[in-house]
file run.cif (mmCIF, C-alpha atoms and all ligand atoms)
data_structure
loop_
_atom_site.group_PDB
_atom_site.id
_atom_site.type_symbol
_atom_site.label_atom_id
_atom_site.label_comp_id
_atom_site.auth_asym_id
_atom_site.auth_seq_id
_atom_site.Cartn_x
_atom_site.Cartn_y
_atom_site.Cartn_z
ATOM 1 C CA MET A 994 70.106 -100.064 84.954
ATOM 2 C CA LEU A 995 69.703 -101.988 88.167
ATOM 3 C CA THR A 996 72.836 -101.336 90.217
ATOM 4 C CA PRO A 997 73.918 -102.533 93.678
ATOM 5 C CA THR A 998 73.005 -99.882 96.272
ATOM 6 C CA GLY A 999 76.444 -100.222 97.851
ATOM 7 C CA GLU A 1000 78.071 -99.138 94.569
ATOM 8 C CA ILE A 1001 75.826 -96.066 94.289
ATOM 9 C CA VAL A 1002 76.552 -95.023 97.867
ATOM 10 C CA ALA A 1003 80.290 -95.676 97.520
ATOM 11 C CA GLU A 1004 80.454 -93.565 94.367
ATOM 12 C CA ALA A 1005 78.505 -90.717 96.010
ATOM 13 C CA ARG A 1006 80.873 -90.854 98.975
ATOM 14 C CA ARG A 1007 83.893 -90.777 96.665
ATOM 15 C CA LEU A 1008 82.496 -87.713 94.889
ATOM 16 C CA GLY A 1009 81.438 -86.013 98.143
ATOM 17 C CA VAL A 1010 77.783 -85.793 97.069
ATOM 18 C CA GLY A 1011 74.550 -87.177 98.485
ATOM 19 C CA ALA A 1012 72.894 -90.332 97.156
ATOM 20 C CA GLY A 1013 69.142 -89.714 97.016
ATOM 21 C CA ALA A 1014 66.991 -92.600 98.252
ATOM 22 C CA PHE A 1015 63.278 -92.116 97.610
ATOM 23 C CA ASN A 1016 60.351 -94.047 99.035
ATOM 24 C CA VAL A 1017 58.185 -95.943 96.582
ATOM 25 C CA ILE A 1018 54.670 -97.156 97.309
ATOM 26 C CA THR A 1019 53.182 -97.760 93.847
ATOM 27 C CA VAL A 1020 54.493 -98.350 90.342
ATOM 28 C CA GLU A 1021 53.778 -94.681 89.521
ATOM 29 C CA HIS A 1022 56.104 -93.697 92.353
ATOM 30 C CA ALA A 1023 58.872 -95.889 90.918
ATOM 31 C CA GLU A 1024 58.341 -94.377 87.458
ATOM 32 C CA ALA A 1025 58.390 -90.861 88.906
ATOM 33 C CA VAL A 1026 61.593 -91.399 90.891
ATOM 34 C CA VAL A 1027 63.412 -92.903 87.942
ATOM 35 C CA SER A 1028 62.300 -90.285 85.440
ATOM 36 C CA GLY A 1029 63.188 -87.552 87.948
ATOM 37 C CA ALA A 1030 66.660 -89.068 88.307
ATOM 38 C CA GLU A 1031 67.044 -89.360 84.532
ATOM 39 C CA ALA A 1032 66.165 -85.663 84.152
ATOM 40 C CA ALA A 1033 68.840 -84.813 86.735
ATOM 41 C CA GLY A 1034 71.319 -87.272 85.180
ATOM 42 C CA CYS A 1035 71.903 -88.855 88.586
ATOM 43 C CA ALA A 1036 71.998 -92.327 90.069
ATOM 44 C CA VAL A 1037 69.145 -92.969 92.470
ATOM 45 C CA ILE A 1038 67.918 -95.460 95.048
ATOM 46 C CA LEU A 1039 64.318 -96.724 95.056
ATOM 47 C CA GLN A 1040 63.293 -97.806 98.504
ATOM 48 C CA ILE A 1041 60.284 -99.840 99.520
ATOM 49 C CA SER A 1042 59.487 -99.828 103.207
ATOM 50 C CA GLU A 1043 57.986 -102.555 105.338
ATOM 51 C CA ASN A 1044 54.974 -100.243 105.715
ATOM 52 C CA ALA A 1045 54.590 -100.115 101.924
ATOM 53 C CA VAL A 1046 54.753 -103.909 101.773
ATOM 54 C CA ARG A 1047 52.021 -104.014 104.426
ATOM 55 C CA PHE A 1048 49.922 -101.763 102.140
ATOM 56 C CA HIS A 1049 50.341 -104.374 99.387
ATOM 57 C CA HIS A 1050 48.630 -106.955 101.606
ATOM 58 C CA GLY A 1051 51.961 -107.936 103.145
ATOM 59 C CA ARG A 1052 53.289 -109.198 99.814
ATOM 60 C CA LEU A 1053 56.725 -108.048 98.730
ATOM 61 C CA ALA A 1054 56.914 -109.707 95.301
ATOM 62 C CA PRO A 1055 54.456 -107.604 93.213
ATOM 63 C CA ILE A 1056 55.748 -104.134 94.137
ATOM 64 C CA ALA A 1057 59.374 -105.362 94.156
ATOM 65 C CA ALA A 1058 58.965 -106.793 90.652
ATOM 66 C CA ALA A 1059 57.413 -103.529 89.399
ATOM 67 C CA ALA A 1060 60.169 -101.369 90.895
ATOM 68 C CA ARG A 1061 62.838 -103.703 89.619
ATOM 69 C CA ALA A 1062 61.424 -103.652 86.075
ATOM 70 C CA VAL A 1063 61.381 -99.836 86.110
ATOM 71 C CA ALA A 1064 64.969 -99.812 87.417
ATOM 72 C CA GLU A 1065 66.168 -102.225 84.733
ATOM 73 C CA LEU A 1066 64.787 -100.022 81.942
ATOM 74 C CA SER A 1067 66.424 -96.871 83.281
ATOM 75 C CA THR A 1068 69.281 -95.002 81.638
ATOM 76 C CA VAL A 1069 70.767 -94.106 85.055
ATOM 77 C CA ALA A 1070 72.039 -96.386 87.824
ATOM 78 C CA VAL A 1071 69.159 -97.403 90.093
ATOM 79 C CA GLY A 1072 69.521 -99.233 93.404
ATOM 80 C CA LEU A 1073 66.724 -101.226 95.021
ATOM 81 C CA HIS A 1074 66.547 -100.990 98.805
ATOM 82 C CA LEU A 1075 64.148 -102.563 101.313
ATOM 83 C CA ASP A 1076 63.592 -99.933 103.996
ATOM 84 C CA HIS A 1077 62.829 -99.950 107.748
ATOM 85 C CA VAL A 1078 62.523 -103.704 108.010
ATOM 86 C CA GLU A 1079 61.596 -104.892 111.470
ATOM 87 C CA SER A 1080 60.433 -108.349 110.400
ATOM 88 C CA ASP A 1081 63.162 -110.990 110.050
ATOM 89 C CA GLU A 1082 60.949 -112.900 107.659
ATOM 90 C CA LEU A 1083 60.666 -109.908 105.312
ATOM 91 C CA PHE A 1084 64.382 -109.096 105.589
ATOM 92 C CA ASP A 1085 65.207 -112.636 104.466
ATOM 93 C CA GLN A 1086 63.096 -112.197 101.306
ATOM 94 C CA ALA A 1087 65.042 -109.139 100.092
ATOM 95 C CA ALA A 1088 67.813 -110.697 98.019
ATOM 96 C CA ALA A 1089 65.551 -113.188 96.246
ATOM 97 C CA ASN A 1090 63.273 -110.296 95.229
ATOM 98 C CA GLY A 1091 66.056 -108.344 93.542
ATOM 99 C CA PHE A 1092 67.053 -105.945 96.321
ATOM 100 C CA GLY A 1093 70.710 -105.007 96.536
ATOM 101 C CA SER A 1094 70.289 -103.710 100.052
ATOM 102 C CA ALA A 1095 68.052 -103.600 103.076
ATOM 103 C CA MET A 1096 67.755 -101.577 106.240
ATOM 104 C CA TYR A 1097 67.370 -103.799 109.278
ATOM 105 C CA ASP A 1098 65.656 -101.563 111.815
ATOM 106 C CA ALA A 1099 66.012 -102.705 115.409
ATOM 107 C CA SER A 1100 66.410 -99.114 116.604
ATOM 108 C CA LYS A 1101 63.497 -99.365 119.018
ATOM 109 C CA LEU A 1102 65.370 -102.018 121.009
ATOM 110 C CA GLU A 1103 67.771 -101.323 123.836
ATOM 111 C CA TYR A 1104 71.397 -100.989 122.694
ATOM 112 C CA ALA A 1105 72.520 -104.560 123.523
ATOM 113 C CA ASP A 1106 69.429 -106.111 121.927
ATOM 114 C CA ASN A 1107 69.787 -103.864 118.867
ATOM 115 C CA VAL A 1108 73.428 -105.038 118.491
ATOM 116 C CA ALA A 1109 72.542 -108.713 118.833
ATOM 117 C CA ALA A 1110 69.574 -108.623 116.424
ATOM 118 C CA THR A 1111 71.422 -106.461 113.875
ATOM 119 C CA ALA A 1112 74.608 -108.570 113.922
ATOM 120 C CA CYS A 1113 72.530 -111.647 113.220
ATOM 121 C CA ALA A 1114 70.634 -109.942 110.359
ATOM 122 C CA VAL A 1115 73.878 -108.574 108.884
ATOM 123 C CA ALA A 1116 75.400 -112.067 108.812
ATOM 124 C CA ARG A 1117 72.355 -113.455 107.001
ATOM 125 C CA GLY A 1118 72.162 -110.425 104.688
ATOM 126 C CA HIS A 1119 75.836 -110.620 103.723
ATOM 127 C CA ALA A 1120 75.519 -114.348 103.045
ATOM 128 C CA ALA A 1121 72.695 -113.460 100.624
ATOM 129 C CA GLY A 1122 74.770 -110.695 98.976
ATOM 130 C CA LEU A 1123 72.959 -107.734 100.558
ATOM 131 C CA TRP A 1124 74.417 -104.379 101.607
ATOM 132 C CA VAL A 1125 72.908 -103.770 105.024
ATOM 133 C CA GLU A 1126 71.980 -100.479 106.704
ATOM 134 C CA SER A 1127 70.795 -100.194 110.261
ATOM 135 C CA GLU A 1128 69.946 -97.480 112.750
ATOM 136 C CA LEU A 1129 71.169 -96.301 116.090
ATOM 137 C CA GLY A 1130 69.331 -93.600 118.020
ATOM 138 C CA GLU A 1131 65.777 -93.777 116.813
ATOM 139 C CA VAL A 1132 64.851 -91.003 114.345
ATOM 140 C CA GLY A 1133 61.619 -89.501 115.675
ATOM 141 C CA GLY A 1134 58.222 -89.373 114.092
ATOM 142 C CA LYS A 1135 58.098 -92.807 112.439
ATOM 143 C CA ASP A 1136 54.481 -93.251 113.422
ATOM 144 C CA GLY A 1137 53.556 -89.688 112.566
ATOM 145 C CA ALA A 1138 54.281 -88.257 116.009
ATOM 146 C CA HIS A 1139 56.774 -85.431 115.995
ATOM 147 C CA LYS A 1140 58.850 -86.505 118.939
ATOM 148 C CA PRO A 1141 61.830 -84.422 120.002
ATOM 149 C CA GLY A 1142 64.704 -86.343 118.393
ATOM 150 C CA VAL A 1143 66.956 -88.658 120.291
ATOM 151 C CA ARG A 1144 70.600 -88.197 119.263
ATOM 152 C CA THR A 1145 73.125 -90.843 118.223
ATOM 153 C CA ASN A 1146 76.188 -91.030 120.440
ATOM 154 C CA PRO A 1147 79.403 -91.087 118.314
ATOM 155 C CA ALA A 1148 81.344 -93.542 120.526
ATOM 156 C CA GLU A 1149 78.351 -95.858 120.716
ATOM 157 C CA ALA A 1150 77.906 -95.571 116.930
ATOM 158 C CA ALA A 1151 81.523 -96.612 116.305
ATOM 159 C CA ALA A 1152 81.161 -99.585 118.674
ATOM 160 C CA PHE A 1153 77.831 -100.530 117.059
ATOM 161 C CA VAL A 1154 79.324 -100.613 113.569
ATOM 162 C CA GLN A 1155 82.272 -102.658 114.816
ATOM 163 C CA ALA A 1156 80.052 -105.129 116.667
ATOM 164 C CA THR A 1157 77.437 -105.611 113.941
ATOM 165 C CA GLY A 1158 79.390 -105.346 110.673
ATOM 166 C CA VAL A 1159 76.763 -103.055 109.084
ATOM 167 C CA ASP A 1160 77.606 -101.378 105.775
ATOM 168 C CA ALA A 1161 75.888 -98.062 106.572
ATOM 169 C CA LEU A 1162 74.456 -96.421 109.640
ATOM 170 C CA ALA A 1163 71.335 -94.262 109.972
ATOM 171 C CA VAL A 1164 71.881 -91.653 112.658
ATOM 172 C CA ALA A 1165 69.632 -89.364 114.659
ATOM 173 C CA VAL A 1166 70.921 -85.813 114.175
ATOM 174 C CA GLY A 1167 67.773 -83.687 114.349
ATOM 175 C CA SER A 1168 65.547 -84.843 111.498
ATOM 176 C CA SER A 1169 62.178 -86.451 112.060
ATOM 177 C CA HIS A 1170 60.037 -88.672 109.850
ATOM 178 C CA ALA A 1171 56.918 -87.499 108.019
ATOM 179 C CA MET A 1172 57.425 -83.755 108.439
ATOM 180 C CA THR A 1173 55.291 -81.668 106.107
ATOM 181 C CA ASN A 1174 57.090 -78.403 106.933
ATOM 182 C CA ARG A 1175 60.722 -77.995 105.963
ATOM 183 C CA ASP A 1176 61.969 -76.443 109.168
ATOM 184 C CA ALA A 1177 64.132 -79.143 110.781
ATOM 185 C CA ARG A 1178 67.486 -77.951 112.094
ATOM 186 C CA LEU A 1179 70.288 -80.502 112.078
ATOM 187 C CA ASP A 1180 73.038 -80.825 114.655
ATOM 188 C CA HIS A 1181 76.049 -80.188 112.404
ATOM 189 C CA GLU A 1182 78.600 -80.512 115.200
ATOM 190 C CA LEU A 1183 77.251 -83.975 115.937
ATOM 191 C CA ILE A 1184 77.322 -84.889 112.229
ATOM 192 C CA GLU A 1185 81.020 -84.032 112.169
ATOM 193 C CA LEU A 1186 81.721 -86.076 115.284
ATOM 194 C CA LEU A 1187 79.818 -89.043 113.854
ATOM 195 C CA HIS A 1188 81.632 -88.712 110.547
ATOM 196 C CA ASP A 1189 84.981 -88.794 112.348
ATOM 197 C CA ALA A 1190 83.997 -91.715 114.578
ATOM 198 C CA VAL A 1191 82.204 -94.027 112.129
ATOM 199 C CA SER A 1192 83.921 -95.784 109.233
ATOM 200 C CA VAL A 1193 80.829 -96.632 107.157
ATOM 201 C CA PRO A 1194 78.614 -94.194 105.200
ATOM 202 C CA LEU A 1195 76.067 -92.298 107.309
ATOM 203 C CA VAL A 1196 72.381 -92.145 106.397
ATOM 204 C CA LEU A 1197 69.907 -89.328 107.029
ATOM 205 C CA HIS A 1198 66.269 -90.362 107.508
ATOM 206 C CA GLY A 1199 63.296 -88.034 107.603
ATOM 207 C CA SER A 1200 64.911 -85.683 105.084
ATOM 208 C CA SER A 1201 61.619 -84.239 103.775
ATOM 209 C CA GLY A 1202 61.542 -81.812 106.705
ATOM 210 C CA VAL A 1203 65.110 -80.609 106.155
ATOM 211 C CA PRO A 1204 65.576 -77.362 104.162
ATOM 212 C CA ASP A 1205 67.902 -77.356 101.133
ATOM 213 C CA ASP A 1206 70.718 -75.407 102.814
ATOM 214 C CA GLU A 1207 70.669 -77.813 105.771
ATOM 215 C CA LEU A 1208 70.773 -80.788 103.392
ATOM 216 C CA ARG A 1209 73.769 -79.308 101.558
ATOM 217 C CA ALA A 1210 75.558 -78.752 104.854
ATOM 218 C CA ALA A 1211 74.725 -82.290 105.992
ATOM 219 C CA VAL A 1212 76.216 -83.759 102.819
ATOM 220 C CA ARG A 1213 79.312 -81.566 103.221
ATOM 221 C CA GLY A 1214 79.545 -82.812 106.801
ATOM 222 C CA GLY A 1215 79.598 -86.452 105.711
ATOM 223 C CA LEU A 1216 76.042 -87.761 105.420
ATOM 224 C CA VAL A 1217 75.820 -89.804 102.225
ATOM 225 C CA LYS A 1218 72.524 -91.659 101.755
ATOM 226 C CA ILE A 1219 69.673 -89.174 102.053
ATOM 227 C CA ASN A 1220 66.194 -90.684 102.477
ATOM 228 C CA ILE A 1221 63.209 -88.721 101.206
ATOM 229 C CA GLY A 1222 59.611 -89.925 101.269
ATOM 230 C CA THR A 1223 56.993 -87.469 102.521
ATOM 231 C CA ALA A 1224 58.043 -84.660 100.176
ATOM 232 C CA LEU A 1225 57.191 -86.906 97.236
ATOM 233 C CA ASN A 1226 53.790 -87.747 98.650
ATOM 234 C CA ILE A 1227 53.074 -84.049 99.189
ATOM 235 C CA ALA A 1228 53.722 -83.448 95.479
ATOM 236 C CA PHE A 1229 51.852 -86.575 94.357
ATOM 237 C CA THR A 1230 48.746 -86.077 96.479
ATOM 238 C CA GLY A 1231 48.722 -82.315 95.923
ATOM 239 C CA ALA A 1232 48.622 -82.867 92.153
ATOM 240 C CA ILE A 1233 45.757 -85.341 92.478
ATOM 241 C CA ARG A 1234 43.825 -82.942 94.687
ATOM 242 C CA ALA A 1235 44.296 -80.114 92.171
ATOM 243 C CA ALA A 1236 43.392 -82.297 89.173
ATOM 244 C CA ILE A 1237 40.159 -83.454 90.776
ATOM 245 C CA ALA A 1238 39.304 -79.912 91.844
ATOM 246 C CA ARG A 1239 39.801 -78.789 88.220
ATOM 247 C CA ASP A 1240 37.408 -81.458 86.968
ATOM 248 C CA VAL A 1241 35.173 -83.031 89.557
ATOM 249 C CA THR A 1242 33.643 -85.316 86.904
ATOM 250 C CA VAL A 1243 36.968 -87.135 86.318
ATOM 251 C CA VAL A 1244 36.715 -90.918 86.425
ATOM 252 C CA ASP A 1245 39.790 -92.262 84.619
ATOM 253 C CA PRO A 1246 42.638 -92.451 87.195
ATOM 254 C CA ARG A 1247 45.210 -91.862 84.452
ATOM 255 C CA LYS A 1248 43.925 -88.280 84.221
ATOM 256 C CA TYR A 1249 45.178 -87.440 87.727
ATOM 257 C CA LEU A 1250 47.929 -90.036 88.173
ATOM 258 C CA ARG A 1251 49.762 -88.664 85.123
ATOM 259 C CA THR A 1252 50.029 -85.194 86.644
ATOM 260 C CA ALA A 1253 50.841 -86.670 90.095
ATOM 261 C CA ARG A 1254 53.672 -88.727 88.630
ATOM 262 C CA HIS A 1255 54.952 -85.680 86.736
ATOM 263 C CA ASP A 1256 54.984 -83.443 89.821
ATOM 264 C CA MET A 1257 56.630 -86.157 91.901
ATOM 265 C CA ALA A 1258 59.348 -86.582 89.246
ATOM 266 C CA GLU A 1259 60.038 -82.834 89.374
ATOM 267 C CA THR A 1260 60.415 -83.019 93.151
ATOM 268 C CA VAL A 1261 62.953 -85.830 92.747
ATOM 269 C CA THR A 1262 64.928 -83.878 90.133
ATOM 270 C CA LYS A 1263 65.092 -80.804 92.386
ATOM 271 C CA ALA A 1264 66.164 -82.839 95.412
ATOM 272 C CA LEU A 1265 68.901 -84.635 93.464
ATOM 273 C CA ARG A 1266 70.225 -81.301 92.177
ATOM 274 C CA VAL A 1267 70.510 -80.111 95.769
ATOM 275 C CA LEU A 1268 72.184 -83.342 96.941
ATOM 276 C CA THR A 1269 74.679 -83.394 94.110
ATOM 277 C CA GLY A 1270 75.548 -79.705 94.319
ATOM 278 C CA ALA A 1271 74.022 -78.866 90.935
ATOM 279 C CA THR A 1272 72.093 -76.010 92.591
ATOM 280 C CA SER A 1273 73.417 -73.947 95.434
HETATM 281 O O1 LIG A 1301 63.268 -94.096 105.348
HETATM 282 C C1 LIG A 1301 62.638 -93.192 104.795
HETATM 283 C C2 LIG A 1301 62.786 -91.834 105.158
HETATM 284 O O2 LIG A 1301 63.439 -91.679 106.325
HETATM 285 C C3 LIG A 1301 61.863 -90.799 104.640
HETATM 286 O O3 LIG A 1301 61.444 -89.879 105.618
HETATM 287 O O4 LIG A 1301 59.219 -89.348 104.703
HETATM 288 O O5 LIG A 1301 60.227 -87.950 106.443
HETATM 289 O O6 LIG A 1301 61.177 -87.928 104.148
HETATM 290 P P1 LIG A 1301 60.464 -88.691 105.198
HETATM 291 ZN ZN ZN A 1302 63.345 -93.555 107.591
#
call {"tool": "encode", "arguments": {"input": "run.cif", "output": "structure tokens"}}
result
Amino acid sequence: MLTPTGEIVAEARRLGVGAGAFNVITVEHAEAVVSGAEAAGCAVILQISENAVRFHHGRLAPIAAAARAVAELSTVAVGLHLDHVESDELFDQAAANGFGSAMYDASKLEYADNVAATACAVARGHAAGLWVESELGEVGGKDGAHKPGVRTNPAEAAAFVQATGVDALAVAVGSSHAMTNRDARLDHELIELLHDAVSVPLVLHGSSGVPDDELRAAVRGGLVKINIGTALNIAFTGAIRAAIARDVTVVDPRKYLRTARHDMAETVTKALRVLTGATS
């Protein structure tokens, strides 16, 4: 069932577990994430990024409607989140397209400009009924480059939350976007300091590159919403590659998309078991 993201995150925080938020590009991705969550018996967040919307010719409505329909048919709680939104115009379309939450990403701006732009977006988002996440201390690698991570300053993070009214804060603690190797090391001392300083739930981006034991420790340390994208695409694309290699005469896309969706669902199930402490 479609469920407000804020409720899913609040419940995860109450239970001391991670809330898995998985990036969705196509309808098969949405189906995979939801069936993976159903297999794990966990709530889940489907997130569609501004980049994914760009892939759909800049149109939010078709992919949002597909993800929403999949969410509504689910037996577990499913949140719908618009991710890494830099465009004000796109941010303002979120609520009308069924999203319970959005991440307003002004993290590339200088601190004062980030505060001003985010506070304004939060006011508009709250008026529309959205739960709003934002970011302080840019998480590296967004454009594929593996930059050495900037770190979020705890005092600045507390002031940022106070000044903007955000409902959740993405922090830079050592992860990096789009990693295909799981060898990121997180700064657990910093996670603890941020957890003590910041009143709202903390969000980890770039979690595909973080090994399971590091993810468990991050959740124990107070990170709540855990964003995973690349790991799903590794499973999805790997399955397609293998299916086509098995039969190079294949023409019907269902032949390889079925196995891709299946393998992606398994990746989601495994990740949720790690985040919720079902496997240790
Ligand atoms: O916002 C989405 C995520 O931060 C996903 O990052 O693709 O590196 O797992 P990832
Ligand atoms: Zn991210």
call {"tool": "closest_residue", "arguments": {"input": "run.cif", "among": "A:Leu1075, A:Leu1183, A:Ala1210, A:Val1154", "to": "Asn1044 of chain A", "atoms": "only C-alpha atoms"}}
result
A:Leu1075
call {"tool": "residues_near_ligand", "arguments": {"input": "run.cif", "ligand": "ligand ZN 1302 (chain A)", "cutoff": "9 Å", "atoms": "all atoms listed in the file", "output": "ChimeraX atom specification"}}
result
/A:1042,1076-1077,1132,1135,1163,1169-1171,1197-1200,1220-1222
call {"tool": "resolve_selection", "arguments": {"input": "run.cif", "expression": "the PyMOL selection byres (((chain A and resi 1225) around 9) and not hetatm)", "output": "list of chain:residue names"}}
result
A:Phe1015, A:Asn1016, A:His1022, A:Val1026, A:Ser1201, A:Ile1221, A:Gly1222, A:Thr1223, A:Ala1224, A:Asn1226, A:Ile1227, A:Ala1228, A:Phe1229, A:Thr1230, A:Asp1256, A:Met1257, A:Ala1258, A:Thr1260, A:Val1261
call {"tool": "closest_residue", "arguments": {"input": "run.cif", "among": "A:Gly1270, A:Gly1167, A:Gly1215, A:Pro997", "to": "Val1203 of chain A", "atoms": "all atoms listed in the file"}}
result
A:Gly1167
call {"tool": "residues_near_point", "arguments": {"input": "run.cif", "point": "(59.9, -109.9, 105.8)", "cutoff": "10 Å", "atoms": "only C-alpha atoms", "output": "JSON, numbers by chain"}}
result
{"A": [1043, 1046, 1047, 1051, 1052, 1053, 1075, 1078, 1079, 1080, 1081, 1082, 1083, 1084, 1085, 1086, 1087]}
call {"tool": "resolve_selection", "arguments": {"input": "run.cif", "expression": "the PyMOL selection byres (((chain A and resi 1145-1148) around 12) and not hetatm)", "output": "number ranges by chain"}}
result
A: 1100, 1104, 1128-1133, 1142-1144, 1149-1155, 1162-1168, 1180, 1182-1192, 1195-1197
call {"tool": "resolve_selection", "arguments": {"input": "run.cif", "expression": "the PyMOL selection byres (((chain A and resi 1266) around 12) and not hetatm)", "output": "PyMOL selection string"}}
result
chain A and resi 1010-1013+1029-1037+1205+1208-1209+1259-1265+1267-1273
call {"tool": "build_atoms", "arguments": {"input": "run.cif", "residues": "segment 1256-1269 of chain A", "atoms": "N, CA and C atoms", "output": "PDB file, in the coordinates of the input"}}
result
ATOM      1  N   ASP A1256      54.577 -84.364  88.751  1.00  0.00           N
ATOM      2  CA  ASP A1256      54.984 -83.443  89.821  1.00  0.00           C
ATOM      3  C   ASP A1256      55.944 -84.126  90.799  1.00  0.00           C
ATOM      4  N   MET A1257      55.729 -85.410  91.016  1.00  0.00           N
ATOM      5  CA  MET A1257      56.630 -86.157  91.901  1.00  0.00           C
ATOM      6  C   MET A1257      58.022 -86.263  91.264  1.00  0.00           C
ATOM      7  N   ALA A1258      58.065 -86.498  89.952  1.00  0.00           N
ATOM      8  CA  ALA A1258      59.348 -86.582  89.246  1.00  0.00           C
ATOM      9  C   ALA A1258      60.110 -85.263  89.369  1.00  0.00           C
ATOM     10  N   GLU A1259      59.376 -84.151  89.248  1.00  0.00           N
ATOM     11  CA  GLU A1259      60.038 -82.834  89.374  1.00  0.00           C
ATOM     12  C   GLU A1259      60.629 -82.632  90.761  1.00  0.00           C
ATOM     13  N   THR A1260      59.921 -83.129  91.770  1.00  0.00           N
ATOM     14  CA  THR A1260      60.415 -83.019  93.151  1.00  0.00           C
ATOM     15  C   THR A1260      61.709 -83.822  93.308  1.00  0.00           C
ATOM     16  N   VAL A1261      61.746 -84.986  92.684  1.00  0.00           N
ATOM     17  CA  VAL A1261      62.953 -85.830  92.747  1.00  0.00           C
ATOM     18  C   VAL A1261      64.128 -85.122  92.057  1.00  0.00           C
ATOM     19  N   THR A1262      63.863 -84.568  90.876  1.00  0.00           N
ATOM     20  CA  THR A1262      64.928 -83.878  90.133  1.00  0.00           C
ATOM     21  C   THR A1262      65.515 -82.745  90.973  1.00  0.00           C
ATOM     22  N   LYS A1263      64.623 -81.941  91.566  1.00  0.00           N
ATOM     23  CA  LYS A1263      65.092 -80.804  92.386  1.00  0.00           C
ATOM     24  C   LYS A1263      65.917 -81.293  93.556  1.00  0.00           C
ATOM     25  N   ALA A1264      65.439 -82.327  94.234  1.00  0.00           N
ATOM     26  CA  ALA A1264      66.164 -82.839  95.412  1.00  0.00           C
ATOM     27  C   ALA A1264      67.537 -83.364  95.002  1.00  0.00           C
ATOM     28  N   LEU A1265      67.602 -84.082  93.889  1.00  0.00           N
ATOM     29  CA  LEU A1265      68.901 -84.635  93.464  1.00  0.00           C
ATOM     30  C   LEU A1265      69.872 -83.520  93.091  1.00  0.00           C
ATOM     31  N   ARG A1266      69.341 -82.434  92.524  1.00  0.00           N
ATOM     32  CA  ARG A1266      70.225 -81.301  92.177  1.00  0.00           C
ATOM     33  C   ARG A1266      70.802 -80.683  93.444  1.00  0.00           C
ATOM     34  N   VAL A1267      70.006 -80.632  94.491  1.00  0.00           N
ATOM     35  CA  VAL A1267      70.510 -80.111  95.769  1.00  0.00           C
ATOM     36  C   VAL A1267      71.584 -81.068  96.325  1.00  0.00           C
ATOM     37  N   LEU A1268      71.275 -82.363  96.322  1.00  0.00           N
ATOM     38  CA  LEU A1268      72.184 -83.342  96.941  1.00  0.00           C
ATOM     39  C   LEU A1268      73.506 -83.484  96.198  1.00  0.00           C
ATOM     40  N   THR A1269      73.455 -83.217  94.891  1.00  0.00           N
ATOM     41  CA  THR A1269      74.679 -83.394  94.110  1.00  0.00           C
ATOM     42  C   THR A1269      75.398 -82.063  93.847  1.00  0.00           C
TER      43      THR A1269
END
